[in-house]
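Colleague: Supplied structure: target_9.pdb, PDB, C-alpha atoms.
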```pdb
ATOM      1  CA  GLU A   1    -100.094   0.485 -25.818  1.00  0.00           C
ATOM      2  CA  THR A   2     -98.872   3.912 -24.903  1.00  0.00           C
ATOM      3  CA  GLY A   3     -95.504   5.415 -24.043  1.00  0.00           C
ATOM      4  CA  VAL A   4     -92.478   3.170 -23.935  1.00  0.00           C
ATOM      5  CA  THR A   5     -92.886  -0.578 -23.455  1.00  0.00           C
ATOM      6  CA  GLN A   6     -90.236  -3.169 -22.690  1.00  0.00           C
ATOM      7  CA  THR A   7     -90.280  -6.954 -22.864  1.00  0.00           C
ATOM      8  CA  PRO A   8     -89.627  -9.139 -21.051  1.00  0.00           C
ATOM      9  CA  ARG A   9     -90.067  -7.479 -17.679  1.00  0.00           C
ATOM     10  CA  HIS A  10     -87.953 -10.130 -15.956  1.00  0.00           C
ATOM     11  CA  LEU A  11     -85.249 -12.387 -17.359  1.00  0.00           C
ATOM     12  CA  VAL A  12     -83.014 -15.026 -15.813  1.00  0.00           C
ATOM     13  CA  MET A  13     -80.200 -16.371 -17.953  1.00  0.00           C
ATOM     14  CA  GLY A  14     -77.075 -18.420 -17.644  1.00  0.00           C
ATOM     15  CA  MET A  15     -73.704 -17.099 -18.678  1.00  0.00           C
ATOM     16  CA  THR A  16     -73.719 -19.127 -21.892  1.00  0.00           C
ATOM     17  CA  ASN A  17     -77.209 -18.138 -23.030  1.00  0.00           C
ATOM     18  CA  LYS A  18     -78.182 -15.697 -25.738  1.00  0.00           C
ATOM     19  CA  LYS A  19     -81.211 -13.518 -25.175  1.00  0.00           C
ATOM     20  CA  SER A  20     -82.650 -10.243 -26.429  1.00  0.00           C
ATOM     21  CA  LEU A  21     -84.400  -7.340 -24.753  1.00  0.00           C
ATOM     22  CA  LYS A  22     -87.023  -5.461 -26.723  1.00  0.00           C
ATOM     23  CA  CYS A  23     -88.129  -1.849 -26.446  1.00  0.00           C
ATOM     24  CA  GLU A  24     -90.929  -0.171 -28.372  1.00  0.00           C
ATOM     25  CA  GLN A  25     -91.951   3.479 -28.225  1.00  0.00           C
ATOM     26  CA  HIS A  26     -95.413   4.649 -29.281  1.00  0.00           C
ATOM     27  CA  LEU A  27     -94.608   8.374 -29.093  1.00  0.00           C
ATOM     28  CA  GLY A  28     -93.348   9.079 -32.594  1.00  0.00           C
ATOM     29  CA  HIS A  29     -89.884   9.912 -31.263  1.00  0.00           C
ATOM     30  CA  ASN A  30     -86.668   9.865 -33.254  1.00  0.00           C
ATOM     31  CA  ALA A  31     -84.105   9.077 -30.534  1.00  0.00           C
ATOM     32  CA  MET A  32     -83.834   5.986 -28.344  1.00  0.00           C
ATOM     33  CA  TYR A  33     -81.522   5.028 -25.500  1.00  0.00           C
ATOM     34  CA  TRP A  34     -80.426   2.066 -23.383  1.00  0.00           C
ATOM     35  CA  TYR A  35     -79.475   2.699 -19.757  1.00  0.00           C
ATOM     36  CA  LYS A  36     -78.221   0.283 -17.103  1.00  0.00           C
ATOM     37  CA  GLN A  37     -79.317   0.675 -13.480  1.00  0.00           C
ATOM     38  CA  SER A  38     -77.245  -1.330 -11.014  1.00  0.00           C
ATOM     39  CA  ALA A  39     -77.621  -1.424  -7.262  1.00  0.00           C
ATOM     40  CA  LYS A  40     -75.649   1.317  -5.518  1.00  0.00           C
ATOM     41  CA  LYS A  41     -74.589   2.949  -8.807  1.00  0.00           C
ATOM     42  CA  PRO A  42     -76.047   5.827 -10.835  1.00  0.00           C
ATOM     43  CA  LEU A  43     -77.896   5.070 -14.031  1.00  0.00           C
ATOM     44  CA  GLU A  44     -75.398   4.634 -16.830  1.00  0.00           C
ATOM     45  CA  LEU A  45     -75.990   5.375 -20.483  1.00  0.00           C
ATOM     46  CA  MET A  46     -75.120   2.428 -22.725  1.00  0.00           C
ATOM     47  CA  PHE A  47     -76.217   3.308 -26.253  1.00  0.00           C
ATOM     48  CA  VAL A  48     -77.927   6.128 -28.120  1.00  0.00           C
ATOM     49  CA  TYR A  49     -79.677   5.973 -31.477  1.00  0.00           C
ATOM     50  CA  SER A  50     -80.976   8.866 -33.531  1.00  0.00           C
ATOM     51  CA  LEU A  51     -83.009   8.157 -36.661  1.00  0.00           C
ATOM     52  CA  GLU A  52     -81.831   4.526 -36.436  1.00  0.00           C
ATOM     53  CA  GLU A  53     -78.157   5.515 -36.460  1.00  0.00           C
ATOM     54  CA  ARG A  54     -76.015   4.744 -33.429  1.00  0.00           C
ATOM     55  CA  VAL A  55     -74.526   7.992 -32.187  1.00  0.00           C
ATOM     56  CA  GLU A  56     -72.942   6.902 -28.940  1.00  0.00           C
ATOM     57  CA  ASN A  57     -71.499   3.711 -27.514  1.00  0.00           C
ATOM     58  CA  ASN A  58     -70.516   4.432 -23.965  1.00  0.00           C
ATOM     59  CA  SER A  59     -67.607   1.966 -23.666  1.00  0.00           C
ATOM     60  CA  VAL A  60     -69.967  -0.976 -23.347  1.00  0.00           C
ATOM     61  CA  PRO A  61     -68.526  -4.522 -23.573  1.00  0.00           C
ATOM     62  CA  SER A  62     -69.156  -6.322 -26.842  1.00  0.00           C
ATOM     63  CA  ARG A  63     -71.289  -8.946 -25.100  1.00  0.00           C
ATOM     64  CA  PHE A  64     -74.013  -6.282 -25.363  1.00  0.00           C
ATOM     65  CA  SER A  65     -75.108  -5.641 -28.946  1.00  0.00           C
ATOM     66  CA  PRO A  66     -77.800  -3.069 -29.777  1.00  0.00           C
ATOM     67  CA  GLU A  67     -80.026  -3.025 -32.823  1.00  0.00           C
ATOM     68  CA  CYS A  68     -82.418  -0.326 -34.012  1.00  0.00           C
ATOM     69  CA  PRO A  69     -84.336  -1.575 -37.080  1.00  0.00           C
ATOM     70  CA  ASN A  70     -86.626   1.475 -37.156  1.00  0.00           C
ATOM     71  CA  SER A  71     -87.346   4.557 -35.072  1.00  0.00           C
ATOM     72  CA  SER A  72     -89.962   2.757 -32.965  1.00  0.00           C
ATOM     73  CA  HIS A  73     -88.000  -0.335 -31.954  1.00  0.00           C
ATOM     74  CA  LEU A  74     -84.768  -0.915 -30.095  1.00  0.00           C
ATOM     75  CA  PHE A  75     -83.221  -4.229 -29.133  1.00  0.00           C
ATOM     76  CA  LEU A  76     -80.384  -5.219 -26.844  1.00  0.00           C
ATOM     77  CA  HIS A  77     -78.878  -8.578 -27.724  1.00  0.00           C
ATOM     78  CA  LEU A  78     -77.110 -10.339 -24.877  1.00  0.00           C
ATOM     79  CA  HIS A  79     -74.553 -13.156 -25.051  1.00  0.00           C
ATOM     80  CA  THR A  80     -72.041 -14.701 -22.653  1.00  0.00           C
ATOM     81  CA  LEU A  81     -72.948 -12.286 -19.903  1.00  0.00           C
ATOM     82  CA  GLN A  82     -71.318 -12.146 -16.482  1.00  0.00           C
ATOM     83  CA  PRO A  83     -73.050 -12.123 -13.077  1.00  0.00           C
ATOM     84  CA  GLU A  84     -72.068  -8.473 -12.658  1.00  0.00           C
ATOM     85  CA  ASP A  85     -74.294  -7.666 -15.647  1.00  0.00           C
ATOM     86  CA  SER A  86     -77.334  -8.370 -13.482  1.00  0.00           C
ATOM     87  CA  ALA A  87     -79.238  -5.080 -13.345  1.00  0.00           C
ATOM     88  CA  LEU A  88     -82.337  -3.221 -14.452  1.00  0.00           C
ATOM     89  CA  TYR A  89     -82.078  -2.270 -18.112  1.00  0.00           C
ATOM     90  CA  LEU A  90     -84.075   0.801 -19.014  1.00  0.00           C
ATOM     91  CA  CYS A  91     -85.048   1.982 -22.451  1.00  0.00           C
ATOM     92  CA  ALA A  92     -85.923   5.612 -23.127  1.00  0.00           C
ATOM     93  CA  SER A  93     -86.936   7.767 -26.073  1.00  0.00           C
ATOM     94  CA  SER A  94     -87.044  11.471 -26.874  1.00  0.00           C
ATOM     95  CA  GLN A  95     -88.428  13.546 -29.721  1.00  0.00           C
ATOM     96  CA  ARG A  96     -84.904  14.310 -30.913  1.00  0.00           C
ATOM     97  CA  LEU A  97     -81.346  14.545 -29.675  1.00  0.00           C
ATOM     98  CA  ALA A  98     -81.131  17.886 -27.907  1.00  0.00           C
ATOM     99  CA  ARG A  99     -80.127  19.022 -24.453  1.00  0.00           C
ATOM    100  CA  GLU A 100     -83.577  20.346 -23.551  1.00  0.00           C
ATOM    101  CA  GLU A 101     -85.498  17.285 -24.706  1.00  0.00           C
ATOM    102  CA  THR A 102     -87.278  15.122 -22.146  1.00  0.00           C
ATOM    103  CA  GLN A 103     -86.455  11.433 -22.172  1.00  0.00           C
ATOM    104  CA  TYR A 104     -89.391   9.094 -21.545  1.00  0.00           C
ATOM    105  CA  PHE A 105     -88.561   5.808 -19.876  1.00  0.00           C
ATOM    106  CA  GLY A 106     -90.009   2.337 -20.105  1.00  0.00           C
ATOM    107  CA  PRO A 107     -90.593   0.129 -17.045  1.00  0.00           C
ATOM    108  CA  GLY A 108     -87.336  -1.741 -17.529  1.00  0.00           C
ATOM    109  CA  THR A 109     -86.227  -5.363 -17.783  1.00  0.00           C
ATOM    110  CA  ARG A 110     -84.891  -6.872 -14.566  1.00  0.00           C
ATOM    111  CA  LEU A 111     -82.024  -9.170 -15.627  1.00  0.00           C
ATOM    112  CA  LEU A 112     -80.416 -11.812 -13.438  1.00  0.00           C
ATOM    113  CA  VAL A 113     -77.332 -13.610 -14.756  1.00  0.00           C
ATOM    114  CA  LEU A 114     -76.520 -16.861 -13.006  1.00  0.00           C
TER     115      LEU A 114
ATOM    116  CA  ALA B   1     -68.024  17.855 -18.157  1.00  0.00           C
ATOM    117  CA  GLN B   2     -71.361  17.611 -16.432  1.00  0.00           C
ATOM    118  CA  SER B   3     -72.099  15.938 -13.088  1.00  0.00           C
ATOM    119  CA  VAL B   4     -74.778  15.793 -10.435  1.00  0.00           C
ATOM    120  CA  THR B   5     -74.507  15.243  -6.689  1.00  0.00           C
ATOM    121  CA  GLN B   6     -77.507  14.317  -4.584  1.00  0.00           C
ATOM    122  CA  LEU B   7     -76.881  14.900  -0.896  1.00  0.00           C
ATOM    123  CA  GLY B   8     -78.492  12.264   1.263  1.00  0.00           C
ATOM    124  CA  SER B   9     -79.192   8.816  -0.094  1.00  0.00           C
ATOM    125  CA  HIS B  10     -82.197   8.476   2.206  1.00  0.00           C
ATOM    126  CA  VAL B  11     -84.636  11.097   3.494  1.00  0.00           C
ATOM    127  CA  SER B  12     -87.443  10.339   5.928  1.00  0.00           C
ATOM    128  CA  VAL B  13     -90.369  12.674   6.621  1.00  0.00           C
ATOM    129  CA  SER B  14     -93.739  12.477   8.300  1.00  0.00           C
ATOM    130  CA  GLU B  15     -96.924  12.733   6.311  1.00  0.00           C
ATOM    131  CA  GLY B  16     -97.776  16.425   5.912  1.00  0.00           C
ATOM    132  CA  ALA B  17     -94.193  17.595   6.472  1.00  0.00           C
ATOM    133  CA  LEU B  18     -92.052  19.543   4.042  1.00  0.00           C
ATOM    134  CA  VAL B  19     -90.052  17.487   1.551  1.00  0.00           C
ATOM    135  CA  LEU B  20     -86.605  18.782   0.550  1.00  0.00           C
ATOM    136  CA  LEU B  21     -84.359  16.711  -1.705  1.00  0.00           C
ATOM    137  CA  ARG B  22     -81.007  18.266  -2.548  1.00  0.00           C
ATOM    138  CA  CYS B  23     -79.252  18.352  -5.889  1.00  0.00           C
ATOM    139  CA  ASN B  24     -76.086  20.185  -6.871  1.00  0.00           C
ATOM    140  CA  TYR B  25     -74.761  20.188 -10.385  1.00  0.00           C
ATOM    141  CA  SER B  26     -71.580  20.921 -12.264  1.00  0.00           C
ATOM    142  CA  SER B  27     -71.738  22.007 -15.880  1.00  0.00           C
ATOM    143  CA  SER B  28     -69.359  23.710 -18.303  1.00  0.00           C
ATOM    144  CA  VAL B  29     -72.332  25.070 -20.264  1.00  0.00           C
ATOM    145  CA  PRO B  30     -75.703  26.459 -19.155  1.00  0.00           C
ATOM    146  CA  PRO B  31     -77.403  23.405 -17.715  1.00  0.00           C
ATOM    147  CA  TYR B  32     -80.634  21.668 -18.500  1.00  0.00           C
ATOM    148  CA  LEU B  33     -81.773  19.929 -15.303  1.00  0.00           C
ATOM    149  CA  PHE B  34     -84.358  17.261 -14.617  1.00  0.00           C
ATOM    150  CA  TRP B  35     -85.967  15.530 -11.662  1.00  0.00           C
ATOM    151  CA  TYR B  36     -87.347  12.042 -12.161  1.00  0.00           C
ATOM    152  CA  VAL B  37     -89.203   9.737  -9.759  1.00  0.00           C
ATOM    153  CA  GLN B  38     -89.033   5.952  -9.744  1.00  0.00           C
ATOM    154  CA  TYR B  39     -91.622   3.858  -7.932  1.00  0.00           C
ATOM    155  CA  PRO B  40     -90.805   0.225  -7.093  1.00  0.00           C
ATOM    156  CA  ASN B  41     -90.607  -2.039 -10.135  1.00  0.00           C
ATOM    157  CA  GLN B  42     -91.265   0.829 -12.510  1.00  0.00           C
ATOM    158  CA  GLY B  43     -89.319   3.043 -14.870  1.00  0.00           C
ATOM    159  CA  LEU B  44     -88.507   6.709 -14.375  1.00  0.00           C
ATOM    160  CA  GLN B  45     -91.219   9.349 -14.596  1.00  0.00           C
ATOM    161  CA  LEU B  46     -90.438  13.015 -15.211  1.00  0.00           C
ATOM    162  CA  LEU B  47     -91.408  15.305 -12.346  1.00  0.00           C
ATOM    163  CA  LEU B  48     -90.114  18.576 -13.787  1.00  0.00           C
ATOM    164  CA  LYS B  49     -87.326  20.119 -15.816  1.00  0.00           C
ATOM    165  CA  TYR B  50     -85.397  23.374 -16.006  1.00  0.00           C
ATOM    166  CA  THR B  51     -84.678  24.765 -19.449  1.00  0.00           C
ATOM    167  CA  SER B  52     -83.774  28.381 -18.538  1.00  0.00           C
ATOM    168  CA  ALA B  53     -87.286  29.816 -19.017  1.00  0.00           C
ATOM    169  CA  ALA B  54     -87.924  30.366 -15.300  1.00  0.00           C
ATOM    170  CA  THR B  55     -85.854  29.677 -12.205  1.00  0.00           C
ATOM    171  CA  LEU B  56     -88.820  28.294 -10.225  1.00  0.00           C
ATOM    172  CA  VAL B  57     -90.163  25.234 -11.965  1.00  0.00           C
ATOM    173  CA  LYS B  58     -93.439  23.581 -11.042  1.00  0.00           C
ATOM    174  CA  GLY B  59     -93.956  19.928 -11.725  1.00  0.00           C
ATOM    175  CA  ILE B  60     -96.452  17.177 -11.226  1.00  0.00           C
ATOM    176  CA  ASN B  61     -97.861  15.959  -7.904  1.00  0.00           C
ATOM    177  CA  GLY B  62     -97.214  19.306  -6.164  1.00  0.00           C
ATOM    178  CA  PHE B  63     -93.436  19.239  -6.537  1.00  0.00           C
ATOM    179  CA  GLU B  64     -91.353  22.230  -7.513  1.00  0.00           C
ATOM    180  CA  ALA B  65     -87.668  23.047  -7.832  1.00  0.00           C
ATOM    181  CA  GLU B  66     -85.685  26.261  -7.859  1.00  0.00           C
ATOM    182  CA  PHE B  67     -82.646  26.789 -10.041  1.00  0.00           C
ATOM    183  CA  LYS B  68     -79.952  28.761  -8.226  1.00  0.00           C
ATOM    184  CA  LYS B  69     -76.970  29.461 -10.438  1.00  0.00           C
ATOM    185  CA  SER B  70     -74.912  31.052  -7.660  1.00  0.00           C
ATOM    186  CA  GLU B  71     -75.259  27.905  -5.573  1.00  0.00           C
ATOM    187  CA  THR B  72     -75.216  25.471  -8.539  1.00  0.00           C
ATOM    188  CA  SER B  73     -78.286  23.880  -6.995  1.00  0.00           C
ATOM    189  CA  PHE B  74     -81.642  22.552  -8.150  1.00  0.00           C
ATOM    190  CA  HIS B  75     -83.324  21.313  -4.976  1.00  0.00           C
ATOM    191  CA  LEU B  76     -86.719  19.603  -5.129  1.00  0.00           C
ATOM    192  CA  THR B  77     -89.435  20.559  -2.645  1.00  0.00           C
ATOM    193  CA  LYS B  78     -93.015  19.745  -1.786  1.00  0.00           C
ATOM    194  CA  PRO B  79     -94.863  21.608   0.980  1.00  0.00           C
ATOM    195  CA  SER B  80     -96.729  18.620   2.362  1.00  0.00           C
ATOM    196  CA  ALA B  81     -95.648  15.011   1.942  1.00  0.00           C
ATOM    197  CA  HIS B  82     -98.118  12.286   1.121  1.00  0.00           C
ATOM    198  CA  MET B  83     -97.680   8.572   1.676  1.00  0.00           C
ATOM    199  CA  SER B  84     -97.797   8.064  -2.095  1.00  0.00           C
ATOM    200  CA  ASP B  85     -94.644  10.211  -2.471  1.00  0.00           C
ATOM    201  CA  ALA B  86     -92.494   7.391  -1.102  1.00  0.00           C
ATOM    202  CA  ALA B  87     -90.165   6.497  -3.978  1.00  0.00           C
ATOM    203  CA  GLU B  88     -86.657   7.060  -5.304  1.00  0.00           C
ATOM    204  CA  TYR B  89     -85.877  10.461  -6.785  1.00  0.00           C
ATOM    205  CA  PHE B  90     -83.181  11.197  -9.335  1.00  0.00           C
ATOM    206  CA  CYS B  91     -81.690  14.511 -10.358  1.00  0.00           C
ATOM    207  CA  ALA B  92     -80.079  14.652 -13.801  1.00  0.00           C
ATOM    208  CA  VAL B  93     -78.302  17.053 -16.142  1.00  0.00           C
ATOM    209  CA  THR B  94     -77.955  16.710 -19.893  1.00  0.00           C
ATOM    210  CA  ASN B  95     -74.470  16.226 -21.236  1.00  0.00           C
ATOM    211  CA  GLN B  96     -72.985  18.866 -23.510  1.00  0.00           C
ATOM    212  CA  ALA B  97     -73.698  16.909 -26.678  1.00  0.00           C
ATOM    213  CA  GLY B  98     -77.322  16.381 -25.748  1.00  0.00           C
ATOM    214  CA  THR B  99     -76.981  12.625 -26.133  1.00  0.00           C
ATOM    215  CA  ALA B 100     -77.365  11.536 -22.524  1.00  0.00           C
ATOM    216  CA  LEU B 101     -78.710  12.319 -19.095  1.00  0.00           C
ATOM    217  CA  ILE B 102     -76.101  12.287 -16.338  1.00  0.00           C
ATOM    218  CA  PHE B 103     -77.817  11.068 -13.194  1.00  0.00           C
ATOM    219  CA  GLY B 104     -77.132  11.451  -9.514  1.00  0.00           C
ATOM    220  CA  LYS B 105     -77.114   8.382  -7.297  1.00  0.00           C
ATOM    221  CA  GLY B 106     -80.697   8.975  -6.216  1.00  0.00           C
ATOM    222  CA  THR B 107     -82.458   9.742  -2.949  1.00  0.00           C
ATOM    223  CA  THR B 108     -84.958   7.371  -1.412  1.00  0.00           C
ATOM    224  CA  LEU B 109     -87.836   9.209   0.218  1.00  0.00           C
ATOM    225  CA  SER B 110     -89.726   7.479   3.017  1.00  0.00           C
ATOM    226  CA  VAL B 111     -92.992   8.916   4.367  1.00  0.00           C
ATOM    227  CA  SER B 112     -94.368   7.801   7.707  1.00  0.00           C
ATOM    228  CA  SER B 113     -97.853   8.300   9.069  1.00  0.00           C
TER     229      SER B 113
END
```
Output the structure of this file as structure tokens.

Modeller:
Amino acid sequence: ETGVTQTPRHLVMGMTNKKSLKCEQHLGHNAMYWYKQSAKKPLELMFVYSLEERVENNSVPSRFSPECPNSSHLFLHLHTLQPEDSALYLCASSQRLAREETQYFGPGTRLLVL
Amino acid sequence: AQSVTQLGSHVSVSEGALVLLRCNYSSSVPPYLFWYVQYPNQGLQLLLKYTSAATLVKGINGFEAEFKKSETSFHLTKPSAHMSDAAEYFCAVTNQAGTALIFGKGTTLSVSS
């Protein structure tokens, strides 16, 4: 595997389910991100981790819970979601947290909440 | 605060024609600017970025962008469109803390034969 991988690629869940999204980066980076891409809206940053420490939580509802067990893996735990949470969830990584650093994106998980 | 505006949510060109996708930014500090492309059912791929080294930035697939401070613009161009260029294009600026990319709403490029 190379780059940034995400699993699953597609997920359908009911509002009472609990599921997790997984992201893995094979680039040796130290920073990882979760973004949400909804129809008709710009990509929105959700969470940022640097060296496994959360550095930003962009006013995300508590039904989304991130976890970064090491610098290569990032999870997004989902519970009691709402239909409006249906979106493409993108993971990204960068060498470090810095304004000039390029973020490399995974293919995303397409989530549908019924 | 930083922000990005992409003028035109949809641009259509003929194969071989010039591609021009517009991006204007707002930044309280010298900006770092990026263009990404997203093909259907895929993530975002970096086309090019501006980090103050040169105002004309060349990227992959024949794309380039020019940073114009006086116009607060970073428009993306390609001299001759190819069918494979059909995708969604996003302009972005890094926030002041360096913790996030602030994206525009995107421009969908269609290329007809």

Colleague: What is the atom CA of Pro83 of chain A-atom CA of Val55 of chain A distance in Å, reported with one decimal?

Modeller: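 Answer for the atom CA of Pro83 of chain A to atom CA of Val55 of chain A separation: 27.8 Å.
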
Colleague: My list of candidates is B:Thr94, B:Thr72, B:Ser14, B:Thr55. Which is closest to Ser110 of chain B when distances are computed with only C-alpha atoms?

Modeller: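 The closest residue to Ser110 of chain B is B:Ser14.
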
Colleague: Would you mind telling me which residue in A:Leu97, A:Leu90, A:Leu81, A:Met15 lies nearest to Thr109 of chain A when using all atoms listed in the file?

Modeller: A:Leu90

Colleague: Determine the residue set returned by the PyMOL selection byres ((chain B) within 7 of (chain A)) for the present structure, and present it as an NGL selection string.

Modeller: :B and (32 or 42-45 or 51 or 94 or 98-100 or 103-105)

Colleague: Would you compute the distance between atom CA of Ser80 of chain B and atom CA of Asn24 of chain B? Give it in Å to one decimal.

Modeller: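 About the pair atom CA of Ser80 of chain B and atom CA of Asn24 of chain B: they are 22.7 Å apart.
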
Colleague: Report as a count of residues only the residues that result from applying the PyMOL selection byres ((chain B and resi 46) around 7) to the structure here.

Modeller: 7

Colleague: Quote the spacing between atom CA of Val93 of chain B and atom CA of Gln95 of chain A in Å to one decimal place.

Modeller: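 These two atoms are separated by 17.3 Å.
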
Colleague: Excluding Phe34 of chain B and residues on its chain fewer than 4 positions from it, collect all residues at most 6 Å away from it, counting all atoms listed in the file, and give them as a ChimeraX atom specification.

Modeller: /B:48-49,91-92

Colleague: Report the residues retrieved by the PyMOL selection byres ((chain B and resi 56) around 6) from the displayed file, expressed as a PDB file with C-alpha atoms, in the coordinates of the input.

Modeller:
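Result file is selection_5.pdb:
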```
ATOM      1  CA  ALA B  54     -87.924  30.366 -15.300  1.00  0.00           C
ATOM      2  CA  THR B  55     -85.854  29.677 -12.205  1.00  0.00           C
ATOM      3  CA  VAL B  57     -90.163  25.234 -11.965  1.00  0.00           C
ATOM      4  CA  ALA B  65     -87.668  23.047  -7.832  1.00  0.00           C
ATOM      5  CA  GLU B  66     -85.685  26.261  -7.859  1.00  0.00           C
TER       6      GLU B  66
END
```

Colleague: A:Asn57, A:Gln37, A:Ser93, A:Asn30: which is nearest Ser71 of chain A, counting all atoms listed in the file?

Modeller: A:Asn30

Colleague: What's around Thr80 of chain A at 10 Å? Count all atoms listed in the file, leave out sequence neighbours fewer than 3 positions away in its own chain, and write the answer as a PDB file with C-alpha atoms, in the frame of the given file.

Modeller:
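That gives us out.pdb:
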```pdb
ATOM      1  CA  MET A  13     -80.200 -16.371 -17.953  1.00  0.00           C
ATOM      2  CA  GLY A  14     -77.075 -18.420 -17.644  1.00  0.00           C
ATOM      3  CA  MET A  15     -73.704 -17.099 -18.678  1.00  0.00           C
ATOM      4  CA  THR A  16     -73.719 -19.127 -21.892  1.00  0.00           C
ATOM      5  CA  ASN A  17     -77.209 -18.138 -23.030  1.00  0.00           C
ATOM      6  CA  LYS A  18     -78.182 -15.697 -25.738  1.00  0.00           C
ATOM      7  CA  LYS A  19     -81.211 -13.518 -25.175  1.00  0.00           C
ATOM      8  CA  SER A  62     -69.156  -6.322 -26.842  1.00  0.00           C
ATOM      9  CA  ARG A  63     -71.289  -8.946 -25.100  1.00  0.00           C
ATOM     10  CA  PHE A  64     -74.013  -6.282 -25.363  1.00  0.00           C
ATOM     11  CA  PRO A  83     -73.050 -12.123 -13.077  1.00  0.00           C
ATOM     12  CA  VAL A 113     -77.332 -13.610 -14.756  1.00  0.00           C
TER      13      VAL A 113
END
```

Colleague: Can you pull out every residue within 12 Å of Ser113 of chain B, counting all atoms listed in the file, but drop anything in the same chain fewer than 6 positions away, and send it as an MDAnalysis selection string?

Modeller: chainID B and resid 12:17 81:84 86

Colleague: Would you write out those residues with C-alpha atoms, as a PDB file, in the coordinates of the input?

Modeller:
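Below is the file out32.pdb, written as the result:
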```
ATOM      1  CA  SER B  12     -87.443  10.339   5.928  1.00  0.00           C
ATOM      2  CA  VAL B  13     -90.369  12.674   6.621  1.00  0.00           C
ATOM      3  CA  SER B  14     -93.739  12.477   8.300  1.00  0.00           C
ATOM      4  CA  GLU B  15     -96.924  12.733   6.311  1.00  0.00           C
ATOM      5  CA  GLY B  16     -97.776  16.425   5.912  1.00  0.00           C
ATOM      6  CA  ALA B  17     -94.193  17.595   6.472  1.00  0.00           C
ATOM      7  CA  ALA B  81     -95.648  15.011   1.942  1.00  0.00           C
ATOM      8  CA  HIS B  82     -98.118  12.286   1.121  1.00  0.00           C
ATOM      9  CA  MET B  83     -97.680   8.572   1.676  1.00  0.00           C
ATOM     10  CA  SER B  84     -97.797   8.064  -2.095  1.00  0.00           C
ATOM     11  CA  ALA B  86     -92.494   7.391  -1.102  1.00  0.00           C
TER      12      ALA B  86
END
```

Colleague: I'd like to know which of B:Leu7, B:Ala97, B:Ile60, B:Ala53 is closest to Leu20 of chain B, using only C-alpha atoms.

Modeller: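 Going through B:Leu7, B:Ala97, B:Ile60, B:Ala53 one by one, the smallest distance to Leu20 of chain B is for B:Leu7.
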
Colleague: Quick one: everything within 7 Å of Phe63 of chain B, counting all atoms listed in the file, minus sequence neighbours fewer than 6 positions away in the same chain. Send it as a VMD selection string.

Modeller: chain B and resid 76 to 78

Colleague: From the set B:Glu71, B:Leu21, B:His10, B:Pro31, which residue has the shortest atom-to-atom contact distance to Ile102 of chain B, counting all atoms listed in the file?

Modeller: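 The answer is B:Pro31, which sits nearest to Ile102 of chain B.
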
Colleague: List the neighbours of Phe75 of chain A out to 10 Å using all atoms listed in the file; skip same-chain residues closer than 2 positions along the sequence, and give me the result as a ChimeraX atom specification.

Modeller: /A:6-7,20-24,34,65-69,73,77-78,91
